[in-house]
Amino acid sequence: MNYIPNAEGDVKEMLGAIGIGTGDMEELFRIIPPALRPLSFNLPPGSSEFDVEKYLRGLGRKNLTELVYFIGGGFYDHYIPAALDAIVSRSEFYTAYTPYQPEASQGTLQAIYEYQSCICRLTGMEAANASLYDGGTALYEAAMMAIRITGRNKIIMDGGVNPIYRKMMYSYTSNLSIDFSEIPVSHGQSDRGMIDEYLDDSTAAVILQNPNFFGAIDDHSDISEKCHKAGALVIESVYPVSLGLLKTPGEMDADIAVGEGQSLGMPLSFGGPYLGFMAARKKFVRKMPGRIAGATTDGKGRVGYVLTLQTREQHIRREKATSNICSNQALCALRALVYMSLIGKQGFVELARICRDKAEYAGQKLGKIKGVEVKRSAPTFNEFTLKLPGSADKVIGKLLDKGIVAGFPLGRYYADMEDYLLVAVTEKRTEREITMFADALEEALWS
Amino acid sequence: MELIFRRSGPGKEGVRLPARDCPPAGAIDPRYTRTEAAELPGLSEPEVVRHFTRLSRMNFGVDSHFYPLGSCTMKYNPKFLEKIANLECFASLHPLQPQLVKGATLTQGALEVINGLERALCEISGMDEFTTHPMAGAHGELTGVMLIAAYHKSKGERRKYILIPDSGHGTNPASAAIAGYEVRSITTDENGVMDIAEFEKALDREAAGVMLTCPNTLGIFNPRIKEIADMAHEAGALMYYDGANLNAIMGKARPGDLGFDIVHLNIHKTFGTPHGGGGPGAGPVGVKEYLAPFLPVSRVIKGTDGAFALDYDRPFSIGYIAPFYGNFAVLLKAYVYILLLGGEGLRRVSEHAVLNANYLKSRLEHHYDIPYAENCMHEFVISAARQAERGVHAIDIAKALIDRGIHPPTVYFPLNVKEAIMIEPTETESRETLDRFIDVMIELAGLAEKDPAAFREFPKTAPVGRLDEVKAARDMDLCA
């Protein structure tokens with residue numbers, strides 16, 4: 001394939017205009033000495049769309065995708081309305097770039113402003129940025145932001161924070177002198193006593209997650225109060241769909257709210273692209289990483305939108321910037337905005353209810369199986385922990401043969417939890433699929 | 001345009017949710033619930049579609065406008081890439097699936113895509129191993145600097161500085177700083193490349209690495225690049241290649257052969273994937289063999305039986321830098337792009353990108369100052385210094401271009417050129433488009449002579465005129 005419009009005649013004339021009379025393209029590269037030419041460049045020849053599609057559909061068939069997902073772990077199988085794909089397929093959106101020239105980018109900029117507004121309304125926070133790469137990098141950026149705001153260097157992390165995010169946090173900070181403590185959850189929820197014990201006047205932030213990785217929900221208002229007394233910030237990582245029902249980070253008096261936005265209209269796509277959202281108190285906005293859109297006016301008083309507070313950013317501040325981030329995940333943020341617009345105010349509450357109702361129903365069904373126990377020390381939203389009478393891996397293997405992904409084995413990230421399975425239920429799971437899951441689990445365990 | 005919230009009303013719905021085919025659960029203890037529903041928009045589907053369609057028409061994009069934004073490589077995005085990335089067999093795949101027992105066997109196709117792309121990127125860049133995890137160019141830079149730190153640590157050293165020319169992208173020093181390094185900025189010499197004498201002075205045993213773009217942001221290829229790499233290696237520092245400008249040299253030179261140890265590639269620049277209004281992109285990182293043990297977990301490995309698996313047991317790894325395997329859908333599009341074009345096609349991409357840039361440069365050089373006369377590669381920088389004397393600045397020319405249906409080039413970058421206008425046409429623009437751009441630029445140079453005051457009104461045809469950025473930063477109206 002070839003996306004080059006220059007015809008042979010044009011090429012010759014253009015070379016002539018440059019002063020290359022030989023018509024030899026190679027002349028354009030004469031500054032590269034022969035000794036620096038490629039030692040090899042062995043790539044296969046190009047192909048037609050038809051042939052590439054055939055090859056890739058063949059690869060696609062090696063993925064098992066007709067599965068019924070009861071797996072979540074922070075990444076959920078939600079329905080994506082058709083209108084969403086139609087809107088984001090408009091090339092005026094997807095073939096544009098970062099809106100450096102606001103007059104030529106009002107579409108993108110207003111969409112970012114509306115996205116920021118929706119994130120604030122959803123999380124109960126005052127100011128949001130234009131998005132970050134994913135929930136994990138958003139959490140790391142939030143921790144760095146808290147360190148900048150407080151001038152302190154100790155971070156306390158709840159053991160209920162997604163273990164993958166905790167690993168990411170350690171990777172990013174391994175060359176910095178940050179003092180981390182991890183507090184295991186107690187009876188399903190954040191361990192107040194332990195957090196109290198670790199909280200002191202060098203603590204920059206306490207990082208919490210709601211619902212936590214085990215699915216348990218909590219009200220962290222009391223932790224916020226204690227943190228603020230100690231001069232520390234509270235960072236709350238949240239699952240946006242749960243905010244249809246659950247108490248918001250704002251209501252819990254958190255200082256920074258972050259989360260993975262995949263469930264707001266992003267396909268699972270084997271891990272990305274997703275988006276990380278971030279919102280905070282307005283007084284902290286100058287310490288925030290990433291792009292931020294703001295409203296302003298032109299000379300005639302017409303309202304328009306620009307990227308604002310750019311003096312925080314790398315293209316101006318270089319090594320003194322609040323973050324190295326350049327692009328946001330603009331098209332993913334647009335997806336999230338369109339998703340929230342289509343589902344709507346009432347729909348979002350309803351969606352959260354359906355997810356929870358189905359999860360509760362699944363919990364009841366699964367809990368009736370001999371030897372299976374649903375951990376109920378704390379209330380849950382749409383994900384819960386099952387204790388099995390044996391290895392979770394074994395069960396997962398058996399159910400995969402029936403086309404069911406039973407959940408995520410907690411033993412992978414938590415010691416002594418080999419027998420625990422994390423089960424998620426979204427609005428896409430039907431009563432029939434839940435019954436099928438329960439029957440298959442029973443059979444896997446007892447026949 | 002009116003905000004989406006203004007059109008909202010109770011009782012409207014955009015989507016009917018799947019049926020609730022099970023009994024309702026009991027209420028949640030109210031101490032765990034929000035007091036009021038979030039004030040999200042409430043609209044019917046046709047209203048949502050119309051709102052966003054109208055918004056889209058307030059944007060310039062590559063499909064509708066020439067977009068010569070320097071250093072961003074705004075090339076055409078083949079439609080076929082979107083088609084493949086949307087295939088259910090890839091789009092519906094849960095990322096935790098391969099971590100389950102037998103899981104890798106269920107995702108062989110996706111793992112093969114990652115492996116295939118890694119192999120292709122190695123051959124294109126001359127590196128030995130690639131990780132697909134970094135989710136953007138700047139994210140790749142951060143990963144690269146973390147690799148530099150891990151390497152020195154493994155030798156029991158802790159070095160202090162990263163050396164970066166003053167023409168480098170702002171992300172370079174920012175990435176070095178957040179990874180824990182101090183930055184030494186090196187000046188540019190009269191030929192538009194890093195000053196070697198200054199470099200030599202700054203290069204000592206405390207230098208951990210050197211971050212370079214080649215060709216650099218002035219569009220100039222440094223023929224002494226290998227010499228610089230040898231000097232850096234002699235001092236024990238690693239060479240980092242910022243791949244933002246790879247579109248200039250595919251098949252003509254490879255960072256790995258030029259002496260670089262680590263590279264990141266901007267998938268959304270060189271490999272045809274859309275920029276999305278500012279992401280998502282992807283910034284895979286390649287390294288020489290001796291740095292491979294430090295790459296992030298996980299790694300896709302190919303067993304002796306030909307089956308792919310994920311390896312998490314990497315004791316020297318810098319750890320997790322992404323939750324999974326990177327922006328997979330973007331990576332898949334890049335793989336498709338490489339398969340479509342093949343080696344010869346990629347070589348042609350660079351030839352025509354460089355041809356188009358040189359053609360523009362040669363036609364504009366009598367009308368604008370060109371600070372570095374050297375033959376350029378895929379992009380070049382002109383200066384509006386001459387026009388600025390008449391009161392017409394780079395930004396004024398940018399706004400005038402908007403009225404003429406052309407997205408402005410990058411302005412005021414690189415920082416070492418006054419009134420910089422950085423132009424990158426890419427290979428996917430026709431000579432007709434380039435000629436029109438030349439005509440417009442010449443017209444504007446003339447207008448700057450004749451009637452500089454006219455520029456103050458531009459843009460006139462956009463949905464808004466010049467916006468008050470000071471007011472935006474002062475009022476901080478960031479959400480409705």
# chains A, B, ... in the order shown; residues from 1 in each chain; ligands from 1
>>> residues_around(residues="Leu139 of chain A", least_positions_apart="2", cutoff="9 Å", atoms="only C-alpha atoms", output="PDB file with all heavy atoms, in the first residue's frame")
ATOM      1  N   ASP A 134      -3.662   6.265  32.143  1.00  0.00           N
ATOM      2  CA  ASP A 134      -4.491   5.180  32.666  1.00  0.00           C
ATOM      3  C   ASP A 134      -4.646   5.386  34.171  1.00  0.00           C
ATOM      4  O   ASP A 134      -4.036   6.300  34.734  1.00  0.00           O
ATOM      5  CB  ASP A 134      -3.842   3.819  32.374  1.00  0.00           C
ATOM      6  CG  ASP A 134      -2.772   3.476  33.402  1.00  0.00           C
ATOM      7  OD1 ASP A 134      -1.827   4.266  33.544  1.00  0.00           O
ATOM      8  OD2 ASP A 134      -2.914   2.447  34.099  1.00  0.00           O
ATOM      9  N   GLY A 135      -5.404   4.510  34.802  1.00  0.00           N
ATOM     10  CA  GLY A 135      -5.647   4.642  36.238  1.00  0.00           C
ATOM     11  C   GLY A 135      -4.378   4.522  37.075  1.00  0.00           C
ATOM     12  O   GLY A 135      -4.245   5.188  38.110  1.00  0.00           O
ATOM     13  N   GLY A 136      -3.446   3.676  36.644  1.00  0.00           N
ATOM     14  CA  GLY A 136      -2.213   3.458  37.404  1.00  0.00           C
ATOM     15  C   GLY A 136      -1.279   4.650  37.352  1.00  0.00           C
ATOM     16  O   GLY A 136      -0.747   5.084  38.386  1.00  0.00           O
ATOM     17  N   THR A 137      -1.073   5.201  36.149  1.00  0.00           N
ATOM     18  CA  THR A 137      -0.203   6.377  36.057  1.00  0.00           C
ATOM     19  C   THR A 137      -0.880   7.579  36.721  1.00  0.00           C
ATOM     20  O   THR A 137      -0.203   8.438  37.277  1.00  0.00           O
ATOM     21  CB  THR A 137       0.169   6.702  34.597  1.00  0.00           C
ATOM     22  OG1 THR A 137      -1.012   6.711  33.803  1.00  0.00           O
ATOM     23  CG2 THR A 137       1.146   5.692  34.028  1.00  0.00           C
ATOM     24  N   GLU A 141       0.823   9.859  39.491  1.00  0.00           N
ATOM     25  CA  GLU A 141       0.884  11.319  39.344  1.00  0.00           C
ATOM     26  C   GLU A 141       0.233  12.003  40.549  1.00  0.00           C
ATOM     27  O   GLU A 141       0.683  13.058  40.986  1.00  0.00           O
ATOM     28  CB  GLU A 141       0.192  11.772  38.048  1.00  0.00           C
ATOM     29  CG  GLU A 141       0.924  11.372  36.763  1.00  0.00           C
ATOM     30  CD  GLU A 141       2.058  12.329  36.387  1.00  0.00           C
ATOM     31  OE1 GLU A 141       2.401  13.218  37.199  1.00  0.00           O
ATOM     32  OE2 GLU A 141       2.623  12.173  35.286  1.00  0.00           O
ATOM     33  N   ALA A 142      -0.832  11.400  41.075  1.00  0.00           N
ATOM     34  CA  ALA A 142      -1.504  11.979  42.249  1.00  0.00           C
ATOM     35  C   ALA A 142      -0.573  11.954  43.454  1.00  0.00           C
ATOM     36  O   ALA A 142      -0.509  12.924  44.225  1.00  0.00           O
ATOM     37  CB  ALA A 142      -2.791  11.213  42.549  1.00  0.00           C
ATOM     38  N   ALA A 143       0.161  10.862  43.610  1.00  0.00           N
ATOM     39  CA  ALA A 143       1.099  10.768  44.735  1.00  0.00           C
ATOM     40  C   ALA A 143       2.189  11.835  44.609  1.00  0.00           C
ATOM     41  O   ALA A 143       2.536  12.511  45.583  1.00  0.00           O
ATOM     42  CB  ALA A 143       1.725   9.366  44.785  1.00  0.00           C
ATOM     43  N   MET A 144       2.716  12.014  43.390  1.00  0.00           N
ATOM     44  CA  MET A 144       3.759  13.025  43.178  1.00  0.00           C
ATOM     45  C   MET A 144       3.206  14.430  43.422  1.00  0.00           C
ATOM     46  O   MET A 144       3.889  15.300  43.952  1.00  0.00           O
ATOM     47  CB  MET A 144       4.313  12.936  41.753  1.00  0.00           C
ATOM     48  CG  MET A 144       4.993  11.624  41.421  1.00  0.00           C
ATOM     49  SD  MET A 144       6.299  11.196  42.593  1.00  0.00           S
ATOM     50  CE  MET A 144       7.542  12.392  42.131  1.00  0.00           C
ATOM     51  N   TYR A 165      -1.415  -1.364  40.341  1.00  0.00           N
ATOM     52  CA  TYR A 165      -1.094   0.049  40.518  1.00  0.00           C
ATOM     53  C   TYR A 165      -0.019   0.252  41.582  1.00  0.00           C
ATOM     54  O   TYR A 165       0.821   1.143  41.485  1.00  0.00           O
ATOM     55  CB  TYR A 165      -2.346   0.856  40.895  1.00  0.00           C
ATOM     56  CG  TYR A 165      -3.397   0.918  39.811  1.00  0.00           C
ATOM     57  CD1 TYR A 165      -4.640   1.474  40.065  1.00  0.00           C
ATOM     58  CD2 TYR A 165      -3.144   0.428  38.531  1.00  0.00           C
ATOM     59  CE1 TYR A 165      -5.615   1.545  39.078  1.00  0.00           C
ATOM     60  CE2 TYR A 165      -4.112   0.489  37.544  1.00  0.00           C
ATOM     61  CZ  TYR A 165      -5.347   1.040  37.821  1.00  0.00           C
ATOM     62  OH  TYR A 165      -6.310   1.107  36.850  1.00  0.00           O
ATOM     63  N   ARG A 166      -0.086  -0.580  42.625  1.00  0.00           N
ATOM     64  CA  ARG A 166       0.941  -0.455  43.663  1.00  0.00           C
ATOM     65  C   ARG A 166       2.310  -0.804  43.091  1.00  0.00           C
ATOM     66  O   ARG A 166       3.309  -0.155  43.373  1.00  0.00           O
ATOM     67  CB  ARG A 166       0.599  -1.342  44.858  1.00  0.00           C
ATOM     68  CG  ARG A 166      -0.430  -0.682  45.774  1.00  0.00           C
ATOM     69  CD  ARG A 166      -0.726  -1.515  46.995  1.00  0.00           C
ATOM     70  NE  ARG A 166      -1.718  -2.539  46.703  1.00  0.00           N
ATOM     71  CZ  ARG A 166      -1.671  -3.780  47.178  1.00  0.00           C
ATOM     72  NH1 ARG A 166      -0.662  -4.179  47.944  1.00  0.00           N
ATOM     73  NH2 ARG A 166      -2.624  -4.648  46.862  1.00  0.00           N
ATOM     74  N   MET A 169       3.533   2.077  41.071  1.00  0.00           N
ATOM     75  CA  MET A 169       3.992   3.157  41.950  1.00  0.00           C
ATOM     76  C   MET A 169       5.441   2.917  42.378  1.00  0.00           C
ATOM     77  O   MET A 169       6.265   3.830  42.355  1.00  0.00           O
ATOM     78  CB  MET A 169       3.078   3.198  43.180  1.00  0.00           C
ATOM     79  CG  MET A 169       3.321   4.333  44.115  1.00  0.00           C
ATOM     80  SD  MET A 169       2.612   5.854  43.493  1.00  0.00           S
ATOM     81  CE  MET A 169       0.906   5.610  43.926  1.00  0.00           C
ATOM     82  N   ILE A 207      -3.274   6.839  50.391  1.00  0.00           N
ATOM     83  CA  ILE A 207      -3.924   6.432  49.148  1.00  0.00           C
ATOM     84  C   ILE A 207      -4.921   5.319  49.436  1.00  0.00           C
ATOM     85  O   ILE A 207      -4.569   4.284  49.995  1.00  0.00           O
ATOM     86  CB  ILE A 207      -2.882   5.952  48.115  1.00  0.00           C
ATOM     87  CG1 ILE A 207      -1.892   7.080  47.816  1.00  0.00           C
ATOM     88  CG2 ILE A 207      -3.572   5.477  46.849  1.00  0.00           C
ATOM     89  CD1 ILE A 207      -0.819   6.695  46.806  1.00  0.00           C
ATOM     90  N   ILE A 235      -5.853  10.655  48.815  1.00  0.00           N
ATOM     91  CA  ILE A 235      -6.024  10.347  47.399  1.00  0.00           C
ATOM     92  C   ILE A 235      -6.976   9.159  47.306  1.00  0.00           C
ATOM     93  O   ILE A 235      -6.732   8.119  47.920  1.00  0.00           O
ATOM     94  CB  ILE A 235      -4.674   9.990  46.740  1.00  0.00           C
ATOM     95  CG1 ILE A 235      -3.716  11.182  46.822  1.00  0.00           C
ATOM     96  CG2 ILE A 235      -4.880   9.537  45.296  1.00  0.00           C
ATOM     97  CD1 ILE A 235      -2.281  10.849  46.451  1.00  0.00           C
ATOM     98  N   GLU A 236      -8.054   9.336  46.568  1.00  0.00           N
ATOM     99  CA  GLU A 236      -9.050   8.269  46.472  1.00  0.00           C
ATOM    100  C   GLU A 236      -9.094   7.777  45.027  1.00  0.00           C
ATOM    101  O   GLU A 236      -9.315   8.552  44.097  1.00  0.00           O
ATOM    102  CB  GLU A 236     -10.407   8.824  46.891  1.00  0.00           C
ATOM    103  CG  GLU A 236     -11.508   7.814  47.044  1.00  0.00           C
ATOM    104  CD  GLU A 236     -11.483   7.073  48.386  1.00  0.00           C
ATOM    105  OE1 GLU A 236     -11.460   7.718  49.457  1.00  0.00           O
ATOM    106  OE2 GLU A 236     -11.500   5.831  48.335  1.00  0.00           O
ATOM    107  N   SER A 237      -8.839   6.480  44.831  1.00  0.00           N
ATOM    108  CA  SER A 237      -8.940   5.880  43.506  1.00  0.00           C
ATOM    109  C   SER A 237     -10.316   5.220  43.397  1.00  0.00           C
ATOM    110  O   SER A 237     -10.692   4.449  44.279  1.00  0.00           O
ATOM    111  CB  SER A 237      -7.827   4.837  43.333  1.00  0.00           C
ATOM    112  OG  SER A 237      -7.946   4.202  42.091  1.00  0.00           O
ATOM    113  N   ALA A 257      -8.943  12.904  43.500  1.00  0.00           N
ATOM    114  CA  ALA A 257      -9.637  11.677  43.080  1.00  0.00           C
ATOM    115  C   ALA A 257      -9.057  11.253  41.740  1.00  0.00           C
ATOM    116  O   ALA A 257      -8.853  12.089  40.853  1.00  0.00           O
ATOM    117  CB  ALA A 257     -11.130  11.929  42.942  1.00  0.00           C
ATOM    118  N   VAL A 258      -8.768   9.966  41.607  1.00  0.00           N
ATOM    119  CA  VAL A 258      -8.268   9.439  40.334  1.00  0.00           C
ATOM    120  C   VAL A 258      -8.995   8.135  40.039  1.00  0.00           C
ATOM    121  O   VAL A 258      -9.696   7.600  40.891  1.00  0.00           O
ATOM    122  CB  VAL A 258      -6.747   9.158  40.369  1.00  0.00           C
ATOM    123  CG1 VAL A 258      -5.946  10.439  40.490  1.00  0.00           C
ATOM    124  CG2 VAL A 258      -6.400   8.192  41.487  1.00  0.00           C
ATOM    125  N   GLY A 259      -8.795   7.618  38.843  1.00  0.00           N
ATOM    126  CA  GLY A 259      -9.367   6.319  38.533  1.00  0.00           C
ATOM    127  C   GLY A 259      -9.128   5.921  37.103  1.00  0.00           C
ATOM    128  O   GLY A 259      -8.664   6.721  36.290  1.00  0.00           O
ATOM    129  N   GLY A 276      -6.769   7.634  32.331  1.00  0.00           N
ATOM    130  CA  GLY A 276      -6.781   7.901  33.764  1.00  0.00           C
ATOM    131  C   GLY A 276      -7.441   9.239  33.978  1.00  0.00           C
ATOM    132  O   GLY A 276      -7.109  10.196  33.285  1.00  0.00           O
ATOM    133  N   MET A 278      -8.404  12.433  36.629  1.00  0.00           N
ATOM    134  CA  MET A 278      -7.894  13.055  37.850  1.00  0.00           C
ATOM    135  C   MET A 278      -8.679  14.326  38.141  1.00  0.00           C
ATOM    136  O   MET A 278      -8.897  15.142  37.247  1.00  0.00           O
ATOM    137  CB  MET A 278      -6.416  13.400  37.700  1.00  0.00           C
ATOM    138  CG  MET A 278      -5.875  14.160  38.903  1.00  0.00           C
ATOM    139  SD  MET A 278      -4.149  14.679  38.731  1.00  0.00           S
ATOM    140  CE  MET A 278      -3.293  13.254  39.366  1.00  0.00           C
TER     141      MET A 278
END
>>> select_by_dssp(residues="segment 58-240 of chain B", states="helix (DSSP H, G or I)", output="number ranges by chain")
B: 79-85, 88-91, 97-99, 103-106, 108-125, 137-154, 171-178, 196-202, 225-234
>>> decode(residues="segment 100-131 of chain B", atoms="N, CA and C atoms", output="PDB file, in the first residue's frame")
ATOM      1  N   LEU B 100      -4.386 -15.756  33.530  1.00  0.00           N
ATOM      2  CA  LEU B 100      -5.097 -16.885  34.117  1.00  0.00           C
ATOM      3  C   LEU B 100      -4.384 -18.180  33.751  1.00  0.00           C
ATOM      4  N   VAL B 101      -4.735 -19.228  34.469  1.00  0.00           N
ATOM      5  CA  VAL B 101      -4.179 -20.534  34.146  1.00  0.00           C
ATOM      6  C   VAL B 101      -4.585 -20.872  32.701  1.00  0.00           C
ATOM      7  N   LYS B 102      -3.652 -21.329  31.911  1.00  0.00           N
ATOM      8  CA  LYS B 102      -3.854 -21.616  30.484  1.00  0.00           C
ATOM      9  C   LYS B 102      -4.157 -20.360  29.662  1.00  0.00           C
ATOM     10  N   GLY B 103      -4.141 -19.211  30.339  1.00  0.00           N
ATOM     11  CA  GLY B 103      -4.620 -17.980  29.707  1.00  0.00           C
ATOM     12  C   GLY B 103      -3.891 -17.612  28.437  1.00  0.00           C
ATOM     13  N   ALA B 104      -2.555 -17.799  28.431  1.00  0.00           N
ATOM     14  CA  ALA B 104      -1.786 -17.394  27.257  1.00  0.00           C
ATOM     15  C   ALA B 104      -2.250 -18.141  26.013  1.00  0.00           C
ATOM     16  N   THR B 105      -2.714 -19.377  26.200  1.00  0.00           N
ATOM     17  CA  THR B 105      -3.169 -20.153  25.038  1.00  0.00           C
ATOM     18  C   THR B 105      -4.429 -19.532  24.436  1.00  0.00           C
ATOM     19  N   LEU B 106      -5.151 -18.734  25.242  1.00  0.00           N
ATOM     20  CA  LEU B 106      -6.395 -18.142  24.752  1.00  0.00           C
ATOM     21  C   LEU B 106      -6.176 -16.804  24.070  1.00  0.00           C
ATOM     22  N   THR B 107      -4.958 -16.297  24.146  1.00  0.00           N
ATOM     23  CA  THR B 107      -4.697 -14.970  23.589  1.00  0.00           C
ATOM     24  C   THR B 107      -3.497 -15.006  22.646  1.00  0.00           C
ATOM     25  N   GLN B 108      -3.266 -16.161  22.018  1.00  0.00           N
ATOM     26  CA  GLN B 108      -2.093 -16.317  21.150  1.00  0.00           C
ATOM     27  C   GLN B 108      -2.035 -15.275  20.043  1.00  0.00           C
ATOM     28  N   GLY B 109      -3.191 -14.947  19.476  1.00  0.00           N
ATOM     29  CA  GLY B 109      -3.211 -13.993  18.370  1.00  0.00           C
ATOM     30  C   GLY B 109      -2.711 -12.624  18.802  1.00  0.00           C
ATOM     31  N   ALA B 110      -3.191 -12.173  19.959  1.00  0.00           N
ATOM     32  CA  ALA B 110      -2.803 -10.849  20.454  1.00  0.00           C
ATOM     33  C   ALA B 110      -1.321 -10.834  20.816  1.00  0.00           C
ATOM     34  N   LEU B 111      -0.856 -11.917  21.439  1.00  0.00           N
ATOM     35  CA  LEU B 111       0.558 -11.970  21.814  1.00  0.00           C
ATOM     36  C   LEU B 111       1.440 -12.011  20.566  1.00  0.00           C
ATOM     37  N   GLU B 112       0.945 -12.682  19.525  1.00  0.00           N
ATOM     38  CA  GLU B 112       1.712 -12.736  18.278  1.00  0.00           C
ATOM     39  C   GLU B 112       1.797 -11.357  17.623  1.00  0.00           C
ATOM     40  N   VAL B 113       0.723 -10.569  17.752  1.00  0.00           N
ATOM     41  CA  VAL B 113       0.754  -9.192  17.230  1.00  0.00           C
ATOM     42  C   VAL B 113       1.848  -8.402  17.948  1.00  0.00           C
ATOM     43  N   ILE B 114       1.889  -8.519  19.272  1.00  0.00           N
ATOM     44  CA  ILE B 114       2.896  -7.771  20.042  1.00  0.00           C
ATOM     45  C   ILE B 114       4.294  -8.215  19.630  1.00  0.00           C
ATOM     46  N   ASN B 115       4.475  -9.534  19.556  1.00  0.00           N
ATOM     47  CA  ASN B 115       5.790 -10.049  19.165  1.00  0.00           C
ATOM     48  C   ASN B 115       6.173  -9.613  17.749  1.00  0.00           C
ATOM     49  N   GLY B 116       5.212  -9.692  16.837  1.00  0.00           N
ATOM     50  CA  GLY B 116       5.489  -9.305  15.454  1.00  0.00           C
ATOM     51  C   GLY B 116       5.881  -7.833  15.354  1.00  0.00           C
ATOM     52  N   LEU B 117       5.166  -6.992  16.090  1.00  0.00           N
ATOM     53  CA  LEU B 117       5.482  -5.567  16.073  1.00  0.00           C
ATOM     54  C   LEU B 117       6.861  -5.322  16.681  1.00  0.00           C
ATOM     55  N   GLU B 118       7.150  -5.991  17.790  1.00  0.00           N
ATOM     56  CA  GLU B 118       8.473  -5.828  18.428  1.00  0.00           C
ATOM     57  C   GLU B 118       9.584  -6.176  17.452  1.00  0.00           C
ATOM     58  N   ARG B 119       9.407  -7.284  16.729  1.00  0.00           N
ATOM     59  CA  ARG B 119      10.460  -7.721  15.774  1.00  0.00           C
ATOM     60  C   ARG B 119      10.619  -6.679  14.670  1.00  0.00           C
ATOM     61  N   ALA B 120       9.500  -6.175  14.165  1.00  0.00           N
ATOM     62  CA  ALA B 120       9.565  -5.186  13.080  1.00  0.00           C
ATOM     63  C   ALA B 120      10.240  -3.899  13.558  1.00  0.00           C
ATOM     64  N   LEU B 121       9.876  -3.449  14.756  1.00  0.00           N
ATOM     65  CA  LEU B 121      10.463  -2.205  15.265  1.00  0.00           C
ATOM     66  C   LEU B 121      11.965  -2.367  15.503  1.00  0.00           C
ATOM     67  N   CYS B 122      12.373  -3.556  15.927  1.00  0.00           N
ATOM     68  CA  CYS B 122      13.809  -3.828  16.098  1.00  0.00           C
ATOM     69  C   CYS B 122      14.532  -3.647  14.763  1.00  0.00           C
ATOM     70  N   GLU B 123      13.977  -4.206  13.715  1.00  0.00           N
ATOM     71  CA  GLU B 123      14.634  -4.135  12.404  1.00  0.00           C
ATOM     72  C   GLU B 123      14.641  -2.703  11.870  1.00  0.00           C
ATOM     73  N   ILE B 124      13.574  -1.974  12.102  1.00  0.00           N
ATOM     74  CA  ILE B 124      13.484  -0.594  11.606  1.00  0.00           C
ATOM     75  C   ILE B 124      14.473   0.314  12.341  1.00  0.00           C
ATOM     76  N   SER B 125      14.661   0.053  13.648  1.00  0.00           N
ATOM     77  CA  SER B 125      15.472   0.974  14.455  1.00  0.00           C
ATOM     78  C   SER B 125      16.871   0.459  14.748  1.00  0.00           C
ATOM     79  N   GLY B 126      17.123  -0.815  14.418  1.00  0.00           N
ATOM     80  CA  GLY B 126      18.448  -1.371  14.681  1.00  0.00           C
ATOM     81  C   GLY B 126      18.692  -1.715  16.138  1.00  0.00           C
ATOM     82  N   MET B 127      17.600  -1.988  16.862  1.00  0.00           N
ATOM     83  CA  MET B 127      17.751  -2.376  18.267  1.00  0.00           C
ATOM     84  C   MET B 127      17.538  -3.883  18.393  1.00  0.00           C
ATOM     85  N   ASP B 128      17.796  -4.426  19.599  1.00  0.00           N
ATOM     86  CA  ASP B 128      17.706  -5.879  19.778  1.00  0.00           C
ATOM     87  C   ASP B 128      16.406  -6.338  20.427  1.00  0.00           C
ATOM     88  N   GLU B 129      15.877  -5.504  21.330  1.00  0.00           N
ATOM     89  CA  GLU B 129      14.642  -5.888  22.033  1.00  0.00           C
ATOM     90  C   GLU B 129      13.756  -4.655  22.180  1.00  0.00           C
ATOM     91  N   PHE B 130      12.459  -4.886  22.167  1.00  0.00           N
ATOM     92  CA  PHE B 130      11.503  -3.789  22.331  1.00  0.00           C
ATOM     93  C   PHE B 130      10.497  -4.112  23.413  1.00  0.00           C
ATOM     94  N   THR B 131      10.042  -3.085  24.127  1.00  0.00           N
ATOM     95  CA  THR B 131       8.861  -3.222  24.975  1.00  0.00           C
ATOM     96  C   THR B 131       7.776  -2.328  24.392  1.00  0.00           C
TER      97      THR B 131
END
